[in-house]
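The next block is entry01.cif, given as mmCIF, C-alpha atoms.
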```
data_entry
loop_
_atom_site.label_atom_id
_atom_site.label_comp_id
_atom_site.auth_asym_id
_atom_site.auth_seq_id
_atom_site.Cartn_x
_atom_site.Cartn_y
_atom_site.Cartn_z
CA MET A 1 -45.23 41.63 -67.20
CA ILE A 2 -43.48 42.06 -63.85
CA ILE A 3 -39.70 42.43 -63.79
CA ASN A 4 -37.22 43.71 -61.28
CA PRO A 5 -38.11 47.17 -59.93
CA LEU A 6 -36.01 50.18 -60.84
CA PRO A 7 -33.64 51.77 -58.31
CA PRO A 8 -35.26 54.29 -55.96
CA PRO A 9 -35.21 57.92 -57.14
CA ARG A 10 -32.66 60.33 -55.76
CA GLU A 11 -33.88 62.43 -52.86
CA PRO A 12 -34.54 66.11 -53.74
CA THR A 13 -32.40 68.75 -52.10
CA GLY A 14 -33.00 72.28 -50.86
CA LEU A 15 -36.41 73.82 -51.44
CA GLY A 16 -37.19 71.05 -53.91
CA ARG A 17 -37.94 68.74 -50.97
CA LEU A 18 -41.38 70.41 -50.57
CA PRO A 19 -44.18 68.99 -52.78
CA LEU A 20 -45.77 71.27 -55.37
CA SER A 21 -49.11 71.21 -53.55
CA ARG A 22 -47.53 72.73 -50.45
CA TRP A 23 -46.07 75.55 -52.51
CA PHE A 24 -49.53 76.34 -53.87
CA LEU A 25 -51.03 76.19 -50.36
CA PHE A 26 -48.36 78.52 -49.03
CA THR A 27 -48.84 80.96 -51.91
CA GLY A 28 -52.63 80.80 -51.49
CA ALA A 29 -52.35 81.45 -47.75
CA VAL A 30 -50.15 84.51 -48.32
CA ALA A 31 -52.51 85.82 -51.02
CA GLY A 32 -55.60 85.21 -48.83
CA THR A 33 -54.00 86.99 -45.87
CA ALA A 34 -53.08 89.96 -48.08
CA PHE A 35 -56.61 90.02 -49.52
CA ALA A 36 -58.25 89.96 -46.08
CA THR A 37 -55.90 92.66 -44.83
CA GLY A 38 -56.72 94.83 -47.83
CA VAL A 39 -60.45 94.39 -47.31
CA GLY A 40 -60.18 95.27 -43.64
CA ALA A 41 -58.02 98.33 -44.30
CA THR A 42 -60.41 99.52 -47.01
CA MET A 43 -63.45 99.17 -44.75
CA VAL A 44 -61.68 101.13 -41.99
CA LEU A 45 -60.75 103.91 -44.40
CA ILE A 46 -64.33 104.11 -45.72
CA ALA A 47 -65.74 104.29 -42.18
CA ASP A 48 -63.28 107.03 -41.25
CA THR A 49 -64.20 108.97 -44.39
CA ARG A 50 -67.92 108.80 -43.61
CA ALA A 51 -67.28 109.99 -40.07
CA LEU A 52 -65.85 113.24 -41.44
CA SER A 53 -68.27 116.09 -42.14
CA ALA A 54 -68.37 116.35 -45.87
CA SER A 55 -70.69 117.62 -48.55
CA PRO A 56 -73.42 115.38 -49.99
CA GLU A 57 -71.43 115.10 -53.23
CA VAL A 58 -68.46 113.68 -51.34
CA ASP A 59 -70.70 111.23 -49.53
CA ALA A 60 -72.21 110.08 -52.82
CA GLN A 61 -68.73 109.66 -54.34
CA VAL A 62 -67.57 107.64 -51.31
CA ALA A 63 -70.64 105.43 -51.62
CA ARG A 64 -69.90 104.78 -55.28
CA LEU A 65 -66.25 104.03 -54.42
CA ASN A 66 -67.44 101.65 -51.71
CA VAL A 67 -69.60 99.75 -54.21
CA ALA A 68 -66.73 99.63 -56.73
CA LEU A 69 -64.34 98.25 -54.11
CA ILE A 70 -66.87 95.65 -53.01
CA VAL A 71 -67.33 94.51 -56.62
CA LEU A 72 -63.55 94.47 -57.14
CA PHE A 73 -62.98 92.43 -53.99
CA ALA A 74 -65.76 90.03 -55.03
CA VAL A 75 -64.19 89.58 -58.47
CA LEU A 76 -60.75 89.00 -56.93
CA LEU A 77 -62.21 86.48 -54.48
CA ALA A 78 -64.00 84.65 -57.32
CA CYS A 79 -60.75 84.63 -59.37
CA GLY A 80 -58.83 83.26 -56.38
CA VAL A 81 -61.37 80.50 -55.82
CA GLY A 82 -61.39 79.69 -59.54
CA LEU A 83 -57.58 79.63 -59.65
CA ALA A 84 -57.45 77.31 -56.64
CA PHE A 85 -59.99 75.03 -58.32
CA MET A 86 -57.96 75.02 -61.55
CA VAL A 87 -54.70 74.28 -59.72
CA ARG A 88 -56.36 71.52 -57.72
CA TYR A 89 -58.13 69.69 -60.56
CA ALA A 90 -56.13 70.73 -63.64
CA VAL A 91 -52.58 70.56 -62.26
CA LEU A 92 -52.15 68.83 -58.91
CA LYS A 93 -54.57 65.94 -59.46
CA PRO A 94 -53.20 65.01 -62.94
CA ILE A 95 -49.65 65.24 -61.61
CA ARG A 96 -50.59 62.94 -58.72
CA GLN A 97 -52.20 60.47 -61.16
CA LEU A 98 -49.14 60.48 -63.41
CA THR A 99 -46.86 60.07 -60.38
CA GLU A 100 -48.82 57.03 -59.16
CA GLN A 101 -48.69 55.46 -62.62
CA VAL A 102 -44.94 56.05 -62.89
CA ARG A 103 -44.44 54.53 -59.41
CA LYS A 104 -46.21 51.35 -60.56
CA VAL A 105 -43.95 51.13 -63.60
CA ALA A 106 -40.85 51.83 -61.50
CA ALA A 107 -41.94 49.10 -59.06
CA GLY A 108 -41.65 46.55 -61.87
CA ASP A 109 -45.06 46.50 -63.61
CA PHE A 110 -43.79 47.54 -67.04
CA ASP A 111 -47.09 46.65 -68.72
CA HIS A 112 -48.95 49.39 -66.82
CA ALA A 113 -49.93 52.12 -69.29
CA LEU A 114 -49.29 55.79 -68.54
CA HIS A 115 -52.11 58.18 -69.41
CA VAL A 116 -53.62 61.45 -68.15
CA ASP A 117 -56.27 63.51 -69.96
CA ARG A 118 -55.39 67.01 -68.79
CA PRO A 119 -53.80 69.45 -69.06
CA ALA A 120 -52.50 69.27 -72.63
CA GLU A 121 -48.86 69.52 -71.56
CA LEU A 122 -49.12 66.63 -69.08
CA ALA A 123 -51.17 64.59 -71.57
CA GLU A 124 -48.42 65.03 -74.17
CA LEU A 125 -45.71 64.21 -71.61
CA SER A 126 -47.51 61.05 -70.48
CA SER A 127 -47.95 59.89 -74.08
CA HIS A 128 -44.23 60.35 -74.77
CA VAL A 129 -43.23 58.53 -71.57
CA ASP A 130 -45.68 55.71 -72.32
CA ALA A 131 -44.30 55.37 -75.86
CA MET A 132 -40.79 55.15 -74.39
CA ARG A 133 -42.03 52.52 -71.91
CA GLY A 134 -43.49 50.52 -74.78
CA ARG A 135 -40.22 50.63 -76.73
CA ILE A 136 -38.24 49.57 -73.66
CA VAL A 137 -40.61 46.66 -72.98
CA SER A 138 -40.44 45.58 -76.62
CA ALA A 139 -36.62 45.74 -76.60
CA TRP A 140 -36.51 43.88 -73.27
CA ARG A 141 -38.74 41.11 -74.61
CA THR A 142 -36.61 40.86 -77.75
CA ALA A 143 -33.47 40.66 -75.60
CA SER A 144 -35.13 38.01 -73.42
CA ASP A 145 -35.99 35.95 -76.48
CA GLN A 146 -32.45 36.32 -77.77
CA ALA A 147 -31.03 35.36 -74.36
CA GLU A 148 -33.22 32.26 -74.35
CA GLU A 149 -32.05 31.42 -77.85
CA LEU A 150 -28.44 31.90 -76.73
CA ARG A 151 -29.01 29.60 -73.76
CA ARG A 152 -30.42 26.98 -76.11
CA SER A 153 -27.51 27.47 -78.49
CA ASN A 154 -25.03 27.19 -75.62
CA GLY A 155 -26.69 23.95 -74.58
CA GLU A 156 -26.22 22.64 -78.10
CA LEU A 157 -22.59 23.77 -78.04
CA GLU A 158 -22.04 21.93 -74.78
CA GLN A 159 -23.53 18.83 -76.35
CA PHE A 160 -21.23 19.30 -79.32
CA ALA A 161 -18.28 19.66 -76.96
CA TYR A 162 -19.20 16.34 -75.39
CA VAL A 163 -19.43 14.70 -78.79
CA ALA A 164 -16.15 16.28 -79.88
CA SER A 165 -14.34 15.16 -76.76
CA HIS A 166 -15.53 11.56 -77.01
CA ASP A 167 -17.12 10.46 -80.27
CA LEU A 168 -14.88 12.50 -82.61
CA GLN A 169 -11.59 11.81 -80.88
CA GLU A 170 -12.11 8.06 -80.71
CA PRO A 171 -11.99 7.59 -84.54
CA LEU A 172 -8.91 9.82 -84.67
CA ARG A 173 -7.16 7.68 -82.07
CA LYS A 174 -8.03 4.58 -84.10
CA VAL A 175 -6.70 6.13 -87.31
CA ALA A 176 -3.43 7.08 -85.64
CA SER A 177 -2.94 3.82 -83.74
CA PHE A 178 -3.86 1.45 -86.58
CA THR A 179 -1.77 3.43 -89.06
CA GLN A 180 1.21 3.09 -86.74
CA MET A 181 0.47 -0.61 -86.33
CA LEU A 182 0.36 -0.91 -90.13
CA GLU A 183 3.81 0.63 -90.33
CA GLN A 184 5.19 -1.63 -87.62
CA ARG A 185 3.79 -4.85 -89.13
CA TYR A 186 4.42 -4.21 -92.79
CA GLY A 187 7.34 -1.78 -92.47
CA PRO A 188 9.86 -4.00 -94.29
CA GLN A 189 7.49 -4.31 -97.25
CA LEU A 190 6.91 -0.56 -97.60
CA ASP A 191 9.03 1.83 -99.58
CA ASP A 192 10.01 5.33 -98.45
CA ARG A 193 6.99 6.98 -100.08
CA ALA A 194 4.58 4.63 -98.28
CA ARG A 195 6.26 5.38 -94.95
CA GLN A 196 5.97 9.09 -95.73
CA TYR A 197 2.24 8.70 -96.42
CA ILE A 198 1.81 6.87 -93.11
CA HIS A 199 3.68 9.66 -91.34
CA TYR A 200 1.36 12.25 -92.93
CA ALA A 201 -1.73 10.29 -91.82
CA VAL A 202 -0.52 9.95 -88.22
CA ASP A 203 0.57 13.58 -88.06
CA GLY A 204 -2.80 14.75 -89.44
CA ALA A 205 -4.73 12.69 -86.87
CA LYS A 206 -2.64 14.03 -84.00
CA ARG A 207 -3.03 17.62 -85.18
CA MET A 208 -6.78 17.11 -85.45
CA GLN A 209 -6.86 15.83 -81.87
CA LEU A 210 -4.87 18.87 -80.73
CA LEU A 211 -7.20 21.19 -82.62
CA ILE A 212 -10.28 19.58 -81.06
CA ASN A 213 -8.80 19.89 -77.58
CA ASP A 214 -7.96 23.57 -78.15
CA LEU A 215 -11.47 24.25 -79.46
CA LEU A 216 -12.92 22.57 -76.40
CA ASP A 217 -10.78 24.74 -74.13
CA PHE A 218 -11.90 27.83 -76.07
CA SER A 219 -15.59 26.91 -75.79
CA ARG A 220 -15.36 26.10 -72.08
CA VAL A 221 -14.20 29.59 -71.02
CA GLY A 222 -16.88 31.09 -68.79
CA ARG A 223 -19.16 28.02 -68.93
CA VAL A 224 -17.62 24.87 -67.51
CA THR A 225 -15.03 26.41 -65.18
CA GLY A 226 -16.61 29.82 -64.67
CA SER A 227 -16.63 30.19 -60.88
CA ARG A 228 -14.39 33.00 -59.57
CA THR A 229 -12.72 33.35 -56.19
CA THR A 230 -9.68 35.05 -54.72
CA VAL A 231 -6.68 33.62 -56.57
CA ASP A 232 -2.96 34.09 -55.89
CA SER A 233 -1.67 34.90 -59.38
CA GLY A 234 1.84 33.88 -58.29
CA ALA A 235 0.56 30.38 -57.45
CA ALA A 236 -1.23 30.21 -60.82
CA LEU A 237 2.05 31.10 -62.54
CA ASP A 238 3.89 28.44 -60.53
CA GLN A 239 1.40 25.83 -61.73
CA ALA A 240 1.79 27.00 -65.33
CA LEU A 241 5.60 26.82 -65.12
CA ASP A 242 5.37 23.35 -63.61
CA ASN A 243 3.25 22.25 -66.59
CA LEU A 244 5.87 23.71 -68.95
CA SER A 245 8.91 22.42 -67.04
CA ALA A 246 9.99 20.05 -69.83
CA ALA A 247 9.84 22.73 -72.56
CA ILE A 248 11.62 25.27 -70.33
CA GLU A 249 14.40 22.83 -69.52
CA ASP A 250 14.86 21.72 -73.15
CA THR A 251 15.19 25.29 -74.45
CA GLY A 252 17.21 26.64 -71.52
CA ALA A 253 14.58 29.30 -70.91
CA THR A 254 14.71 31.65 -67.91
CA VAL A 255 11.46 32.89 -66.40
CA THR A 256 11.60 35.72 -63.85
CA ARG A 257 8.83 37.58 -62.09
CA GLY A 258 8.00 40.58 -59.98
CA GLU A 259 5.65 40.60 -57.04
CA LEU A 260 2.31 39.22 -58.24
CA PRO A 261 -0.97 40.14 -56.47
CA ALA A 262 -4.08 38.27 -55.45
CA ILE A 263 -6.92 38.80 -57.90
CA HIS A 264 -10.57 37.88 -58.33
CA GLY A 265 -10.74 35.15 -60.94
CA ASN A 266 -10.79 31.49 -61.90
CA ARG A 267 -7.62 29.62 -60.96
CA VAL A 268 -7.79 27.06 -63.79
CA GLN A 269 -8.28 29.70 -66.49
CA LEU A 270 -5.59 31.99 -65.08
CA THR A 271 -3.13 29.11 -65.02
CA GLN A 272 -4.02 28.44 -68.64
CA LEU A 273 -3.50 32.13 -69.43
CA PHE A 274 0.02 32.18 -67.95
CA GLN A 275 0.83 28.83 -69.53
CA ASN A 276 -0.15 29.93 -73.05
CA LEU A 277 1.77 33.22 -72.84
CA VAL A 278 4.94 31.64 -71.47
CA GLU A 279 4.66 28.78 -73.97
CA ASN A 280 4.41 31.30 -76.82
CA ALA A 281 7.47 33.15 -75.52
CA VAL A 282 9.44 29.88 -75.45
CA LYS A 283 8.13 28.70 -78.83
CA PHE A 284 8.76 31.93 -80.76
CA ARG A 285 12.30 32.37 -79.49
CA SER A 286 15.26 33.94 -81.24
CA GLU A 287 18.77 32.53 -81.43
CA GLU A 288 19.40 33.47 -77.80
CA PRO A 289 18.03 31.34 -74.93
CA PRO A 290 14.48 32.51 -74.10
CA ARG A 291 14.11 35.04 -71.31
CA VAL A 292 10.64 35.79 -69.99
CA HIS A 293 9.73 38.32 -67.31
CA ILE A 294 6.26 38.63 -65.75
CA GLU A 295 5.22 41.44 -63.44
CA ALA A 296 2.17 43.44 -62.35
CA ARG A 297 1.39 46.99 -61.31
CA ARG A 298 -1.75 48.69 -60.02
CA ASP A 299 -3.54 50.81 -62.62
CA GLY A 300 -6.56 52.50 -61.07
CA GLY A 301 -9.14 49.89 -60.13
CA MET A 302 -7.38 47.03 -61.97
CA TRP A 303 -4.08 45.15 -61.88
CA GLU A 304 -2.08 45.45 -65.11
CA PHE A 305 0.10 42.40 -65.86
CA SER A 306 2.86 42.15 -68.45
CA CYS A 307 4.75 39.25 -70.02
CA ALA A 308 7.91 40.36 -71.86
CA ASP A 309 10.25 38.10 -73.84
CA ASN A 310 13.33 38.35 -76.07
CA GLY A 311 11.89 36.31 -78.93
CA ILE A 312 11.24 37.12 -82.58
CA GLY A 313 8.47 39.56 -81.69
CA VAL A 314 5.43 40.57 -83.72
CA GLU A 315 5.17 43.16 -86.46
CA PRO A 316 2.93 46.10 -85.42
CA LYS A 317 0.60 45.53 -88.38
CA TYR A 318 -0.27 42.11 -86.96
CA ALA A 319 -1.01 43.38 -83.42
CA ASP A 320 -4.75 42.69 -83.79
CA ARG A 321 -4.64 39.72 -86.13
CA ILE A 322 -2.71 37.51 -83.71
CA PHE A 323 -5.70 37.49 -81.32
CA LEU A 324 -8.09 36.06 -83.94
CA ILE A 325 -8.86 32.37 -83.80
CA PHE A 326 -6.98 30.18 -86.33
CA GLN A 327 -4.79 33.12 -87.41
CA ARG A 328 -1.14 32.14 -87.91
CA LEU A 329 1.82 34.35 -88.89
CA HIS A 330 4.23 31.46 -89.54
CA ALA A 331 4.11 28.14 -91.37
CA ARG A 332 3.06 25.12 -89.31
CA ASP A 333 6.27 23.26 -90.08
CA VAL A 334 8.31 26.16 -88.66
CA TYR A 335 6.25 26.86 -85.52
CA PRO A 336 3.68 24.16 -84.67
CA GLY A 337 0.32 25.01 -83.16
CA THR A 338 -3.35 25.51 -83.93
CA GLY A 339 -3.59 29.32 -83.91
CA ILE A 340 -6.00 29.36 -80.95
CA GLY A 341 -3.65 30.14 -78.05
CA LEU A 342 -3.78 33.95 -78.05
CA ALA A 343 -7.50 33.98 -78.93
CA LEU A 344 -8.05 31.78 -75.87
CA CYS A 345 -5.93 34.15 -73.74
CA ARG A 346 -7.98 37.16 -74.83
CA LYS A 347 -11.24 35.31 -74.15
CA ILE A 348 -10.06 34.38 -70.64
CA VAL A 349 -9.03 37.97 -69.87
CA GLU A 350 -12.29 39.43 -71.22
CA PHE A 351 -14.29 36.88 -69.22
CA HIS A 352 -12.60 38.33 -66.12
CA GLY A 353 -13.54 41.88 -67.17
CA GLY A 354 -10.08 42.86 -68.42
CA HIS A 355 -8.33 43.59 -71.71
CA LEU A 356 -5.33 41.94 -73.41
CA TRP A 357 -3.13 43.69 -75.95
CA LEU A 358 0.33 43.63 -77.57
CA ASP A 359 2.45 46.46 -76.24
CA ASP A 360 5.81 46.53 -78.05
CA ALA A 361 6.80 46.18 -81.69
CA SER A 362 9.12 43.38 -82.68
CA LYS A 363 11.95 45.46 -84.15
CA ASP A 364 14.01 48.29 -82.76
CA GLY A 365 15.41 51.20 -84.76
CA ALA A 366 18.31 49.09 -86.06
CA GLY A 367 16.02 46.32 -87.26
CA GLN A 368 17.02 43.91 -84.50
CA ASP A 369 14.64 41.58 -82.68
CA ARG A 370 13.62 42.88 -79.30
CA GLY A 371 10.85 40.49 -78.43
CA ALA A 372 7.26 41.27 -77.56
CA THR A 373 5.41 42.36 -74.47
CA PHE A 374 1.82 41.34 -73.83
CA ARG A 375 -0.16 43.34 -71.29
CA TRP A 376 -3.52 42.53 -69.71
CA THR A 377 -5.71 43.77 -66.88
CA LEU A 378 -7.46 41.74 -64.17
CA PRO A 379 -9.72 42.76 -61.25
CA PRO A 380 -8.18 42.78 -57.75
CA ALA A 381 -9.32 40.49 -54.99
CA GLY A 382 -12.29 42.03 -53.21
CA GLY A 383 -13.50 44.07 -56.22
CA THR A 384 -12.28 47.01 -58.27
CA ASP A 385 -12.78 49.47 -55.43
CA GLU A 386 -10.23 47.77 -53.22
#
```
What would you get if you wrote out this structure as structure tokens?
Amino acid sequence: MIINPLPPPREPTGLGRLPLSRWFLFTGAVAGTAFATGVGATMVLIADTRALSASPEVDAQVARLNVALIVLFAVLLACGVGLAFMVRYAVLKPIRQLTEQVRKVAAGDFDHALHVDRPAELAELSSHVDAMRGRIVSAWRTASDQAEELRRSNGELEQFAYVASHDLQEPLRKVASFTQMLEQRYGPQLDDRARQYIHYAVDGAKRMQLLINDLLDFSRVGRVTGSRTTVDSGAALDQALDNLSAAIEDTGATVTRGELPAIHGNRVQLTQLFQNLVENAVKFRSEEPPRVHIEARRDGGMWEFSCADNGIGVEPKYADRIFLIFQRLHARDVYPGTGIGLALCRKIVEFHGGHLWLDDASKDGAGQDRGATFRWTLPPAGGTDE
């Protein structure tokens, strides 16, 4: 199995830049020089001693010392040669073999096994690294299979979205239209209860259509309109306010803003984000005319946006529940909707790499409504390091 190679290793610094073999060569050269110097100095001293007039006993002792030194030097030389052989074939060669095997794995051939026979420490290390490689490859293959299954499932979801947007909505439109036609044609013959039943049927069909459209919008985030470019968030807000112009005018709402930055995102989804948040602020209003203020500030590598209103607010214990799909805090006859709006907002923000949360509680110390503030983060235009 060949996959993308790993990043190159970090360059060593200081004395670590020299390979281990060069350290052994340098140490061996120093030891050999010292050994040769010692042999030469010893031979000179022995020759000088023999040149002196001494008794036969001294000469015999010097001869024995000479033999002992020769044997000692021979043993040291044999040990040095044996040590060099051991370092060469028991340390440096296995390390080079393991390094070449690791390079192949790092280059992308994750099926290449890692194995050296000696020494015991390197053999144990190679077995542990190879076991880790095997677990990583197994996990990668499992993740690949799951990703393929997810792609297949997403394809089925897209097909379902197509069916929902066409085949499912067409019967609903027929139910609503023919029920209304029934009321128009036979209205004089129907009593109040029959008209109420017709109203329930039409209202249910329309709510089902709205629910299907909201589910389609929720499923499309990151798939159908997923391309991201540099977007003027102020222009996205303008588009959202234009879409909500009728509701803003009917409720007498006032929407103000601070300076809004350019960000890296999808214009359609960001417009939908602003539209849902402002629409919620207008919908869940208090007795006063709605006032909504939107602004942004730089927070590290991200832009932090806020949308504050003077509506009925949200109790702190529901701060997480409101972002769940189909979760409603109020009866449908009091505040209409499908319960998908804030879940869709959070999904849009998370698709852009940000986070959406409820900042303020809905009541002040005196128990009065003080609205709610939603905050979310979005990446700046040009990346987070801008």
Kindly provide, as a PyMOL selection string, the polymer residues lying within 8 Å of (-9.4, 14.4, -83.2), counting all atoms listed in the file and using the coordinates exactly as they appear in the file.
chain A and resi 164+168-173+205-213
With all atoms listed in the file as the counted atoms, please give the residues lying no more than 12 Å from A:Ile198, apart from itself and same-chain residues fewer than 4 positions off, as a ChimeraX atom specification.
/A:175-184,186-187,190-194,202-205
Nearest to A:Lys317, restricted to all atoms listed in the file and choosing among A:Leu358, A:Leu69, A:Ala201, A:Leu273, comes out as A:Leu358
Within 12 Å of A:Leu76 using only C-alpha atoms, minus same-chain residues under 2 positions, as a short mmCIF file (atom, residue, chain, number, x, y, z; two decimals) with C-alpha atoms, keeping the file's coordinate frame:
```cif
data_model
loop_
_atom_site.label_atom_id
_atom_site.label_comp_id
_atom_site.auth_asym_id
_atom_site.auth_seq_id
_atom_site.Cartn_x
_atom_site.Cartn_y
_atom_site.Cartn_z
CA ALA A 31 -52.51 85.82 -51.02
CA GLY A 32 -55.60 85.21 -48.83
CA ALA A 34 -53.08 89.96 -48.08
CA PHE A 35 -56.61 90.02 -49.52
CA ALA A 36 -58.25 89.96 -46.08
CA GLY A 38 -56.72 94.83 -47.83
CA VAL A 39 -60.45 94.39 -47.31
CA LEU A 69 -64.34 98.25 -54.11
CA ILE A 70 -66.87 95.65 -53.01
CA VAL A 71 -67.33 94.51 -56.62
CA LEU A 72 -63.55 94.47 -57.14
CA PHE A 73 -62.98 92.43 -53.99
CA ALA A 74 -65.76 90.03 -55.03
CA ALA A 78 -64.00 84.65 -57.32
CA CYS A 79 -60.75 84.63 -59.37
CA GLY A 80 -58.83 83.26 -56.38
CA VAL A 81 -61.37 80.50 -55.82
CA GLY A 82 -61.39 79.69 -59.54
CA LEU A 83 -57.58 79.63 -59.65
#
```
Considering all atoms listed in the file, return as a list in words whatever protein or nucleic-acid residues lie within 7 Å of stretch 93-97 of chain A, sequence-local ones (same chain, fewer than 4 positions apart) excluded.
Arg88, Tyr89, Gln101, Val116 and Arg118 of chain A
Which residues would end up in the selection if the PyMOL selection byres ((chain A and resi 379) around 12) were applied here, given that I need the answer as a count of residues only?
38
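Rounded to one decimal, atom CA of A:Ala147 and atom CA of A:Arg346 lie 23.1 Å from each other.
We find atom CA of A:Ser153 and atom CA of A:Val268 to be spaced 24.6 Å apart.
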Starting from the PyMOL selection byres ((chain A and resi 374) around 7), expand the selection into actual residues of this file and give them as a list in words.
Ser306, Cys307, Ala308, Trp357, Leu358, Asp359, Ala372, Thr373, Arg375 and Trp376 of chain A
Separation of atom CA of A:Gly28 from atom CA of A:Ala84 in Å:
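These two atoms are separated by 7.9 Å.
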Please determine, counting only C-alpha atoms, which residue among A:Ile248, A:Thr254, A:Val30, A:Gln189 has the shortest atom-to-atom distance to A:Glu279.
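Smallest separation from A:Glu279 among the options: A:Ile248.
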Give me the residues within 10 Å of A:Glu288 as a PyMOL selection string, counting only C-alpha atoms and dropping any in the same chain fewer than 2 places off.
chain A and resi 251-253+285-286+290-291+310-311
Store the residues of this selection in a file with C-alpha atoms, as a PDB file, keeping the file's coordinate frame.
```pdb
ATOM      1  CA  THR A 251      15.190  25.290 -74.450  1.00  0.00           C
ATOM      2  CA  GLY A 252      17.210  26.640 -71.520  1.00  0.00           C
ATOM      3  CA  ALA A 253      14.580  29.300 -70.910  1.00  0.00           C
ATOM      4  CA  ARG A 285      12.300  32.370 -79.490  1.00  0.00           C
ATOM      5  CA  SER A 286      15.260  33.940 -81.240  1.00  0.00           C
ATOM      6  CA  PRO A 290      14.480  32.510 -74.100  1.00  0.00           C
ATOM      7  CA  ARG A 291      14.110  35.040 -71.310  1.00  0.00           C
ATOM      8  CA  ASN A 310      13.330  38.350 -76.070  1.00  0.00           C
ATOM      9  CA  GLY A 311      11.890  36.310 -78.930  1.00  0.00           C
TER      10      GLY A 311
END
```
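Nearest to A:Gly341 of all the residues A:Phe24, A:Phe274, A:Tyr197, A:Tyr318 is A:Phe274, based on all atoms listed in the file.
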